[in-house]
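Colleague: Sharing structure_4.cif here; it has mmCIF, C-alpha atoms.
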```cif
data_final
#
loop_
_atom_site.group_PDB
_atom_site.id
_atom_site.type_symbol
_atom_site.label_atom_id
_atom_site.label_comp_id
_atom_site.auth_asym_id
_atom_site.auth_seq_id
_atom_site.Cartn_x
_atom_site.Cartn_y
_atom_site.Cartn_z
ATOM 1 C CA MET A 1 -71.513 12.963 -145.292
ATOM 2 C CA VAL A 2 -72.805 16.307 -146.552
ATOM 3 C CA ALA A 3 -74.452 17.019 -143.193
ATOM 4 C CA GLN A 4 -71.160 16.254 -141.451
ATOM 5 C CA ASN A 5 -69.320 18.703 -143.686
ATOM 6 C CA ILE A 6 -71.893 21.410 -142.951
ATOM 7 C CA VAL A 7 -71.588 20.784 -139.200
ATOM 8 C CA PHE A 8 -67.800 20.913 -139.504
ATOM 9 C CA GLY A 9 -68.023 24.227 -141.361
ATOM 10 C CA VAL A 10 -70.328 25.776 -138.756
ATOM 11 C CA LEU A 11 -68.079 24.566 -135.937
ATOM 12 C CA ALA A 12 -64.956 25.842 -137.660
ATOM 13 C CA VAL A 13 -66.439 29.317 -138.197
ATOM 14 C CA ALA A 14 -67.717 29.495 -134.591
ATOM 15 C CA MET A 15 -64.362 28.352 -133.201
ATOM 16 C CA GLY A 16 -62.464 30.794 -135.398
ATOM 17 C CA LEU A 17 -64.609 33.745 -134.326
ATOM 18 C CA ALA A 18 -64.376 32.766 -130.645
ATOM 19 C CA ALA A 19 -60.605 32.337 -130.950
ATOM 20 C CA ILE A 20 -60.298 35.832 -132.430
ATOM 21 C CA ARG A 21 -62.397 37.208 -129.564
ATOM 22 C CA VAL A 22 -60.085 35.458 -127.055
ATOM 23 C CA VAL A 23 -57.207 37.661 -128.153
ATOM 24 C CA THR A 24 -59.160 40.837 -128.973
ATOM 25 C CA THR A 25 -61.514 41.161 -125.994
ATOM 26 C CA LYS A 26 -60.762 43.919 -123.512
ATOM 27 C CA ASN A 27 -61.619 41.792 -120.489
ATOM 28 C CA VAL A 28 -59.347 38.946 -119.371
ATOM 29 C CA VAL A 29 -62.202 37.010 -117.773
ATOM 30 C CA HIS A 30 -64.233 37.248 -120.985
ATOM 31 C CA ALA A 31 -61.198 35.892 -122.865
ATOM 32 C CA ALA A 32 -61.313 32.782 -120.642
ATOM 33 C CA LEU A 33 -65.047 32.424 -121.317
ATOM 34 C CA TYR A 34 -64.515 32.697 -125.087
ATOM 35 C CA LEU A 35 -61.903 29.978 -124.662
ATOM 36 C CA VAL A 36 -64.757 27.773 -123.386
ATOM 37 C CA VAL A 37 -66.495 28.197 -126.767
ATOM 38 C CA VAL A 38 -63.323 27.178 -128.625
ATOM 39 C CA LEU A 39 -62.793 24.119 -126.403
ATOM 40 C CA ALA A 40 -66.449 23.088 -126.730
ATOM 41 C CA GLY A 41 -65.979 23.276 -130.500
ATOM 42 C CA VAL A 42 -62.988 20.959 -130.194
ATOM 43 C CA ALA A 43 -65.154 18.514 -128.207
ATOM 44 C CA ALA A 44 -67.775 18.616 -130.962
ATOM 45 C CA LEU A 45 -65.047 17.920 -133.549
ATOM 46 C CA TYR A 46 -64.050 14.823 -131.567
ATOM 47 C CA ILE A 47 -67.669 13.658 -131.729
ATOM 48 C CA LEU A 48 -67.564 14.133 -135.511
ATOM 49 C CA LEU A 49 -64.467 11.912 -135.542
ATOM 50 C CA ALA A 50 -66.413 9.305 -133.509
ATOM 51 C CA ALA A 51 -64.021 9.623 -130.552
ATOM 52 C CA GLU A 52 -66.701 9.758 -127.876
ATOM 53 C CA PHE A 53 -64.540 9.311 -124.785
ATOM 54 C CA ILE A 54 -62.015 11.950 -125.859
ATOM 55 C CA ALA A 55 -64.893 14.388 -126.365
ATOM 56 C CA VAL A 56 -66.190 13.769 -122.845
ATOM 57 C CA VAL A 57 -62.682 14.149 -121.417
ATOM 58 C CA GLN A 58 -62.308 17.390 -123.366
ATOM 59 C CA VAL A 59 -65.465 18.736 -121.730
ATOM 60 C CA ILE A 60 -64.628 17.500 -118.219
ATOM 61 C CA ILE A 61 -60.927 18.365 -118.093
ATOM 62 C CA TYR A 62 -60.520 21.351 -120.399
ATOM 63 C CA ILE A 63 -63.832 23.174 -120.020
ATOM 64 C CA GLY A 64 -64.295 22.117 -116.405
ATOM 65 C CA ALA A 65 -60.830 22.140 -114.896
ATOM 66 C CA ILE A 66 -58.387 24.065 -117.082
ATOM 67 C CA VAL A 67 -60.673 27.054 -117.627
ATOM 68 C CA LEU A 68 -61.381 27.058 -113.881
ATOM 69 C CA LEU A 69 -57.654 27.258 -113.172
ATOM 70 C CA ILE A 70 -57.223 30.052 -115.739
ATOM 71 C CA LEU A 71 -60.101 32.016 -114.185
ATOM 72 C CA PHE A 72 -58.744 31.536 -110.657
ATOM 73 C CA GLY A 73 -55.270 32.408 -111.895
ATOM 74 C CA THR A 74 -56.427 35.734 -113.318
ATOM 75 C CA MET A 75 -58.648 36.527 -110.356
ATOM 76 C CA LEU A 76 -55.832 35.916 -107.872
ATOM 77 C CA THR A 77 -53.373 38.249 -109.568
ATOM 78 C CA ARG A 78 -53.543 41.984 -109.312
ATOM 79 C CA ALA A 79 -54.136 42.057 -113.059
ATOM 80 C CA PRO A 80 -57.009 44.306 -114.125
ATOM 81 C CA ILE A 81 -59.897 41.842 -114.289
ATOM 82 C CA GLY A 82 -62.520 44.371 -115.281
ATOM 83 C CA ARG A 83 -62.456 46.236 -118.563
ATOM 84 C CA ALA A 84 -58.916 47.327 -119.269
ATOM 85 C CA SER A 85 -57.750 49.361 -122.220
ATOM 86 C CA ASP A 86 -54.026 48.992 -121.609
ATOM 87 C CA LEU A 87 -53.865 45.258 -122.329
ATOM 88 C CA ASP A 88 -52.627 45.933 -125.857
ATOM 89 C CA ASN A 89 -49.133 46.933 -126.721
ATOM 90 C CA ASP A 90 -47.264 47.656 -129.920
ATOM 91 C CA GLN A 91 -46.056 44.091 -130.389
ATOM 92 C CA ARG A 92 -49.148 42.891 -132.204
ATOM 93 C CA TRP A 93 -47.604 42.892 -135.694
ATOM 94 C CA LEU A 94 -44.639 40.972 -134.331
ATOM 95 C CA GLY A 95 -47.198 38.577 -132.850
ATOM 96 C CA VAL A 96 -48.856 38.156 -136.259
ATOM 97 C CA VAL A 97 -45.480 37.350 -137.835
ATOM 98 C CA VAL A 98 -44.672 34.788 -135.111
ATOM 99 C CA ALA A 99 -48.138 33.214 -135.418
ATOM 100 C CA LEU A 100 -47.801 32.912 -139.208
ATOM 101 C CA LEU A 101 -44.345 31.378 -138.824
ATOM 102 C CA LEU A 102 -45.698 28.852 -136.295
ATOM 103 C CA LEU A 103 -48.602 28.035 -138.615
ATOM 104 C CA GLY A 104 -46.181 27.490 -141.491
ATOM 105 C CA VAL A 105 -43.861 25.252 -139.450
ATOM 106 C CA MET A 106 -46.667 23.132 -137.987
ATOM 107 C CA GLY A 107 -48.467 22.891 -141.313
ATOM 108 C CA SER A 108 -45.349 21.816 -143.186
ATOM 109 C CA VAL A 109 -44.476 19.241 -140.502
ATOM 110 C CA LEU A 110 -48.009 17.812 -140.655
ATOM 111 C CA ALA A 111 -47.989 17.751 -144.462
ATOM 112 C CA ASP A 112 -44.541 16.129 -144.435
ATOM 113 C CA ALA A 113 -45.599 13.383 -142.022
ATOM 114 C CA PHE A 114 -49.187 12.674 -143.064
ATOM 115 C CA GLY A 115 -49.502 14.391 -146.442
ATOM 116 C CA SER A 116 -50.125 11.184 -148.369
ATOM 117 C CA THR A 117 -52.260 9.428 -145.708
ATOM 118 C CA LYS A 118 -55.911 9.138 -146.617
ATOM 119 C CA LEU A 119 -58.517 9.250 -143.853
ATOM 120 C CA PRO A 120 -60.977 6.332 -143.966
ATOM 121 C CA LYS A 121 -64.390 7.231 -145.409
ATOM 122 C CA ALA A 122 -65.965 6.599 -142.010
ATOM 123 C CA PRO A 123 -63.803 6.587 -138.882
ATOM 124 C CA GLN A 124 -63.750 3.618 -136.518
ATOM 125 C CA ILE A 125 -66.308 4.310 -133.800
ATOM 126 C CA GLN A 126 -64.659 4.315 -130.382
ATOM 127 C CA ARG A 127 -67.262 3.817 -127.681
ATOM 128 C CA THR A 128 -66.575 4.716 -124.053
ATOM 129 C CA GLY A 129 -67.224 1.113 -123.008
ATOM 130 C CA ASP A 130 -64.378 -0.137 -125.226
ATOM 131 C CA VAL A 131 -62.017 2.379 -123.613
ATOM 132 C CA GLY A 132 -63.172 1.156 -120.199
ATOM 133 C CA LEU A 133 -62.503 -2.478 -121.101
ATOM 134 C CA SER A 134 -58.998 -1.725 -122.342
ATOM 135 C CA ILE A 135 -58.143 0.360 -119.259
ATOM 136 C CA PHE A 136 -59.485 -2.101 -116.707
ATOM 137 C CA GLN A 137 -58.470 -5.366 -118.410
ATOM 138 C CA THR A 138 -55.321 -4.648 -120.434
ATOM 139 C CA TYR A 139 -53.715 -1.639 -118.774
ATOM 140 C CA VAL A 140 -54.410 -2.375 -115.110
ATOM 141 C CA VAL A 141 -50.977 -1.484 -113.716
ATOM 142 C CA PRO A 142 -50.602 1.833 -115.615
ATOM 143 C CA PHE A 143 -54.083 2.755 -114.386
ATOM 144 C CA GLU A 144 -53.095 2.232 -110.750
ATOM 145 C CA VAL A 145 -49.840 4.122 -111.358
ATOM 146 C CA VAL A 146 -51.959 7.075 -112.521
ATOM 147 C CA SER A 147 -53.565 7.197 -109.073
ATOM 148 C CA VAL A 148 -50.112 7.439 -107.461
ATOM 149 C CA LEU A 149 -49.210 10.223 -109.911
ATOM 150 C CA LEU A 150 -52.390 12.110 -109.016
ATOM 151 C CA LEU A 151 -51.662 11.591 -105.327
ATOM 152 C CA ALA A 152 -48.186 13.082 -105.804
ATOM 153 C CA ALA A 153 -49.695 16.083 -107.630
ATOM 154 C CA LEU A 154 -52.259 16.586 -104.855
ATOM 155 C CA VAL A 155 -49.676 16.411 -102.067
ATOM 156 C CA GLY A 156 -47.403 18.743 -104.066
ATOM 157 C CA ALA A 157 -50.212 21.279 -104.462
ATOM 158 C CA VAL A 158 -50.924 21.192 -100.717
ATOM 159 C CA VAL A 159 -47.231 21.568 -99.854
ATOM 160 C CA ILE A 160 -46.767 24.521 -102.205
ATOM 161 C CA ALA A 161 -49.953 26.239 -101.054
ATOM 162 C CA ARG A 162 -49.134 25.895 -97.335
ATOM 163 C CA ARG A 163 -45.588 26.770 -96.456
ATOM 164 C CA ASP A 164 -45.917 26.024 -92.739
ATOM 165 C CA MET B 1 -69.430 -3.507 -148.516
ATOM 166 C CA LYS B 2 -67.507 -3.161 -145.270
ATOM 167 C CA ALA B 3 -67.019 0.539 -145.949
ATOM 168 C CA LEU B 4 -70.776 0.891 -146.403
ATOM 169 C CA THR B 5 -71.590 -0.803 -143.084
ATOM 170 C CA THR B 6 -69.108 1.387 -141.189
ATOM 171 C CA LEU B 7 -70.634 4.403 -142.938
ATOM 172 C CA ILE B 8 -74.106 3.396 -141.753
ATOM 173 C CA ALA B 9 -72.815 2.747 -138.217
ATOM 174 C CA MET B 10 -71.151 6.161 -138.268
ATOM 175 C CA SER B 11 -74.344 7.967 -139.260
ATOM 176 C CA GLY B 12 -76.196 6.076 -136.519
ATOM 177 C CA PHE B 13 -73.550 7.196 -134.021
ATOM 178 C CA LEU B 14 -73.856 10.814 -135.098
ATOM 179 C CA ARG B 15 -77.640 10.603 -135.000
ATOM 180 C CA GLU B 16 -77.375 9.655 -131.309
ATOM 181 C CA TYR B 17 -75.440 12.853 -130.718
ATOM 182 C CA LEU B 18 -77.997 14.802 -132.749
ATOM 183 C CA THR B 19 -80.242 14.182 -129.720
ATOM 184 C CA VAL B 20 -77.694 16.009 -127.550
ATOM 185 C CA LEU B 21 -77.640 18.886 -130.035
ATOM 186 C CA VAL B 22 -81.457 19.102 -130.130
ATOM 187 C CA PHE B 23 -81.555 19.005 -126.316
ATOM 188 C CA GLY B 24 -79.041 21.852 -126.085
ATOM 189 C CA ALA B 25 -80.872 23.874 -128.736
ATOM 190 C CA ALA B 26 -84.167 23.372 -126.851
ATOM 191 C CA ALA B 27 -82.538 24.624 -123.637
ATOM 192 C CA VAL B 28 -81.156 27.725 -125.366
ATOM 193 C CA ALA B 29 -84.490 28.367 -127.103
ATOM 194 C CA MET B 30 -86.392 28.052 -123.842
ATOM 195 C CA VAL B 31 -84.169 30.534 -122.024
ATOM 196 C CA GLY B 32 -84.307 32.878 -125.023
ATOM 197 C CA ALA B 33 -88.099 32.626 -125.231
ATOM 198 C CA MET B 34 -88.569 33.332 -121.526
ATOM 199 C CA LEU B 35 -86.169 36.279 -121.452
ATOM 200 C CA GLY B 36 -87.530 37.573 -124.772
ATOM 201 C CA ALA B 37 -91.144 37.356 -123.593
ATOM 202 C CA GLY B 38 -90.126 39.133 -120.396
ATOM 203 C CA SER B 39 -88.449 41.985 -122.242
ATOM 204 C CA LEU B 40 -91.441 42.357 -124.596
ATOM 205 C CA LEU B 41 -94.100 42.330 -121.910
ATOM 206 C CA ARG B 42 -92.541 44.253 -119.035
ATOM 207 C CA PRO B 43 -92.903 47.998 -118.679
ATOM 208 C CA LYS B 44 -89.657 49.872 -119.289
ATOM 209 C CA ARG B 45 -89.025 52.718 -116.878
ATOM 210 C CA ALA B 46 -85.305 53.079 -116.453
ATOM 211 C CA GLN B 47 -84.063 54.229 -113.055
ATOM 212 C CA LEU B 48 -80.484 54.155 -111.864
ATOM 213 C CA GLN B 49 -81.382 52.279 -108.673
ATOM 214 C CA LYS B 50 -82.747 49.367 -110.687
ATOM 215 C CA TYR B 51 -79.308 48.598 -112.112
ATOM 216 C CA ILE B 52 -77.649 48.094 -108.715
ATOM 217 C CA SER B 53 -76.982 44.460 -107.798
ATOM 218 C CA TYR B 54 -79.576 43.193 -105.340
ATOM 219 C CA GLU B 55 -78.122 41.603 -102.224
ATOM 220 C CA SER B 56 -80.532 41.153 -99.297
ATOM 221 C CA GLY B 57 -81.770 44.698 -99.652
ATOM 222 C CA VAL B 58 -78.391 46.192 -98.715
ATOM 223 C CA ASP B 59 -76.539 48.439 -101.145
ATOM 224 C CA PRO B 60 -73.413 46.679 -102.459
ATOM 225 C CA VAL B 61 -69.969 47.968 -101.450
ATOM 226 C CA GLY B 62 -67.180 48.247 -104.029
ATOM 227 C CA THR B 63 -67.270 46.714 -107.496
ATOM 228 C CA GLY B 64 -68.076 43.216 -108.660
ATOM 229 C CA TRP B 65 -64.535 42.776 -109.954
ATOM 230 C CA SER B 66 -62.143 42.193 -107.108
ATOM 231 C CA GLN B 67 -59.090 40.134 -106.321
ATOM 232 C CA SER B 68 -60.106 36.781 -104.825
ATOM 233 C CA GLN B 69 -58.391 34.967 -101.980
ATOM 234 C CA ILE B 70 -55.545 32.486 -102.575
ATOM 235 C CA ARG B 71 -57.550 30.041 -100.462
ATOM 236 C CA TYR B 72 -59.938 29.398 -103.347
ATOM 237 C CA TYR B 73 -57.091 28.280 -105.584
ATOM 238 C CA LEU B 74 -56.330 25.260 -103.422
ATOM 239 C CA PHE B 75 -59.943 24.181 -103.645
ATOM 240 C CA GLY B 76 -59.663 24.666 -107.409
ATOM 241 C CA LEU B 77 -56.612 22.381 -107.509
ATOM 242 C CA LEU B 78 -58.372 19.726 -105.406
ATOM 243 C CA PHE B 79 -61.332 19.976 -107.782
ATOM 244 C CA VAL B 80 -59.061 19.369 -110.797
ATOM 245 C CA MET B 81 -57.545 16.319 -109.105
ATOM 246 C CA PHE B 82 -60.900 14.719 -108.421
ATOM 247 C CA GLU B 83 -62.132 15.629 -111.857
ATOM 248 C CA VAL B 84 -59.300 13.564 -113.341
ATOM 249 C CA GLU B 85 -60.472 10.772 -111.046
ATOM 250 C CA THR B 86 -63.973 11.153 -112.546
ATOM 251 C CA VAL B 87 -62.527 10.687 -116.037
ATOM 252 C CA PHE B 88 -61.412 7.187 -115.006
ATOM 253 C CA ILE B 89 -64.568 6.318 -113.067
ATOM 254 C CA PHE B 90 -66.746 7.157 -116.065
ATOM 255 C CA PRO B 91 -65.564 4.398 -118.509
ATOM 256 C CA TRP B 92 -65.519 1.952 -115.584
ATOM 257 C CA ALA B 93 -69.156 2.736 -114.755
ATOM 258 C CA VAL B 94 -70.190 2.213 -118.394
ATOM 259 C CA ARG B 95 -68.877 -1.381 -118.339
ATOM 260 C CA LEU B 96 -69.489 -2.081 -114.649
ATOM 261 C CA GLU B 97 -71.112 -5.481 -115.137
ATOM 262 C CA ASP B 98 -68.584 -6.802 -117.667
ATOM 263 C CA LEU B 99 -65.654 -5.855 -115.449
ATOM 264 C CA GLY B 100 -67.167 -7.532 -112.415
ATOM 265 C CA LEU B 101 -65.455 -7.962 -109.074
ATOM 266 C CA PHE B 102 -61.933 -7.465 -110.461
ATOM 267 C CA GLY B 103 -62.915 -4.077 -111.851
ATOM 268 C CA LEU B 104 -64.521 -3.145 -108.540
ATOM 269 C CA VAL B 105 -61.318 -4.020 -106.651
ATOM 270 C CA GLU B 106 -59.239 -1.991 -109.129
ATOM 271 C CA MET B 107 -61.501 1.028 -108.685
ATOM 272 C CA VAL B 108 -61.519 0.715 -104.885
ATOM 273 C CA VAL B 109 -57.694 0.653 -104.867
ATOM 274 C CA PHE B 110 -57.630 3.700 -107.200
ATOM 275 C CA ILE B 111 -60.064 5.699 -105.069
ATOM 276 C CA ALA B 112 -58.336 4.608 -101.837
ATOM 277 C CA ILE B 113 -54.954 5.905 -103.062
ATOM 278 C CA LEU B 114 -56.530 9.244 -104.007
ATOM 279 C CA ALA B 115 -58.430 9.355 -100.715
ATOM 280 C CA LEU B 116 -55.016 9.274 -99.007
ATOM 281 C CA GLY B 117 -54.345 12.626 -100.679
ATOM 282 C CA LEU B 118 -57.635 14.012 -99.410
ATOM 283 C CA LEU B 119 -56.763 12.694 -95.936
ATOM 284 C CA TYR B 120 -53.372 14.437 -96.161
ATOM 285 C CA ALA B 121 -55.018 17.724 -97.168
ATOM 286 C CA TRP B 122 -57.513 17.365 -94.349
ATOM 287 C CA ARG B 123 -54.814 16.616 -91.752
ATOM 288 C CA LYS B 124 -52.814 19.610 -92.969
ATOM 289 C CA GLY B 125 -55.858 21.765 -92.275
ATOM 290 C CA VAL B 126 -56.217 22.857 -95.880
ATOM 291 C CA LEU B 127 -59.915 22.071 -95.929
ATOM 292 C CA ARG B 128 -60.646 24.177 -92.859
ATOM 293 C CA TRP B 129 -62.334 27.419 -93.790
ATOM 294 C CA MET B 130 -60.948 30.308 -91.794
#
```
Take the structure from the file and write it as structure tokens.
Modeller:
Amino acid sequence: MVAQNIVFGVLAVAMGLAAIRVVTTKNVVHAALYLVVVLAGVAALYILLAAEFIAVVQVIIYIGAIVLLILFGTMLTRAPIGRASDLDNDQRWLGVVVALLLLGVMGSVLADAFGSTKLPKAPQIQRTGDVGLSIFQTYVVPFEVVSVLLLAALVGAVVIARRD
Amino acid sequence: MKALTTLIAMSGFLREYLTVLVFGAAAVAMVGAMLGAGSLLRPKRAQLQKYISYESGVDPVGTGWSQSQIRYYLFGLLFVMFEVETVFIFPWAVRLEDLGLFGLVEMVVFIAILALGLLYAWRKGVLRWM
């Protein structure tokens, strides 16, 4: 348990530093790359919670796909993608106030809902195989509906991208 | 007693992932050692020409930072779509034998429906590189 706490501490510090760099770096593309560090830390936290499949999904979807879309999004715009000094403006103290307010609201909601719940000493281990069994034996119809949803998203993306 | 057994199972689970951590650390250490050895051993004579990107012996034009084409974004979106498909194939592949023929049929239907989307994109000429 001690080793787990040490790992959690290291991860938390690394994620915190990377998160600060996301908002302080002068280069938008570097901000997206620091976001990769934060998201990888989240994946490692899922491993610590014994949620193996969620960790893999975090790596595949967030680090693989979402960061790719963010990078493409910034590279497509005319935004300054190199070093830019005019990314800052005078709203940063307002931003700090809003962030603290958000932290307070979310923290109080969490404490209100789960304040008295105790985590089990060791979490239930969720192996990927168990997830597979429940998807392909219990939730067969929702799984096939997901493919239709993805198809709709794909066709929508093609339609939006090509207006002819 | 039950708490103790789950605790032991948990530490076994994390020990499996310690292998992943060691593997990653070895990769980082190897790259660091090679680059470090290179920077220690090589002669250092700085010249401006040496810092220009090398591309087939031709001097590069413009900067490395430039606006990319909208065309790439569509490929990015297609990539995201099929990556979500991968997320579902992965747990299926882990339990392939337990799920048997029924699981295979489910997965074929899933991939076939998504292949329709790829077919649509192909027919619309999105995949053609111009």
Colleague: Within 9 Å of (-57.8, 29.9, -96.1), in the coordinates the file gives, what residues turn up when you count all atoms listed in the file, written out as a PDB file with C-alpha atoms, in the frame of the given file?
Modeller:
```
ATOM      1  CA  GLN B  69     -58.391  34.967-101.980  1.00  0.00           C
ATOM      2  CA  ILE B  70     -55.545  32.486-102.575  1.00  0.00           C
ATOM      3  CA  ARG B  71     -57.550  30.041-100.462  1.00  0.00           C
ATOM      4  CA  TYR B  72     -59.938  29.398-103.347  1.00  0.00           C
ATOM      5  CA  LEU B  74     -56.330  25.260-103.422  1.00  0.00           C
ATOM      6  CA  VAL B 126     -56.217  22.857 -95.880  1.00  0.00           C
ATOM      7  CA  LEU B 127     -59.915  22.071 -95.929  1.00  0.00           C
ATOM      8  CA  ARG B 128     -60.646  24.177 -92.859  1.00  0.00           C
ATOM      9  CA  TRP B 129     -62.334  27.419 -93.790  1.00  0.00           C
ATOM     10  CA  MET B 130     -60.948  30.308 -91.794  1.00  0.00           C
TER      11      MET B 130
END
```
Colleague: Could you write out as a ChimeraX atom specification the residues of chain B within 7 Å of chain A, counting all atoms listed in the file?
Modeller: /B:6-7,10,65,67-70,73-74,76,78,80-81,83-84,87,91-92,94-95,103,110,113-114,117,121
Colleague: To one decimal place, how far is atom CA of A:Leu103 from atom CA of A:Leu11 in Å?
Modeller: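 One can read the atom CA of A:Leu103 to atom CA of A:Leu11 distance as 20.0 Å.
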Colleague: Just give me the gap between atom CA of A:Ala40 and atom CA of A:Ile63 in Å, one decimal is fine.
Modeller: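 Interatomic distance here is 7.2 Å.
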Colleague: Which is closer to A:Tyr46 than all the others in A:Tyr34, A:Ser108, A:Asn89, A:Val59, using only C-alpha atoms?
Modeller: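 Closest candidate: A:Val59.
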Colleague: Could you check how far atom CA of A:Val96 sits from atom CA of A:Ala19, in Å to one decimal?
Modeller: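 Computed distance, atom CA of A:Val96 to atom CA of A:Ala19, equals 14.1 Å.
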Colleague: Could you check which of B:Tyr51, B:Arg15, B:Leu77, B:Asp98 is closest to A:Val67, using all atoms listed in the file?
Modeller: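 The answer is B:Leu77, which sits nearest to A:Val67.
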Colleague: Enumerate, as a PyMOL selection string, the protein, DNA and RNA residues whose atoms approach (-56.3, 41.7, -128.2) to within 10 Å, taking into account all atoms listed in the file and the coordinate frame of the file.
Modeller: chain A and resi 20-28+31+85+87-89+92
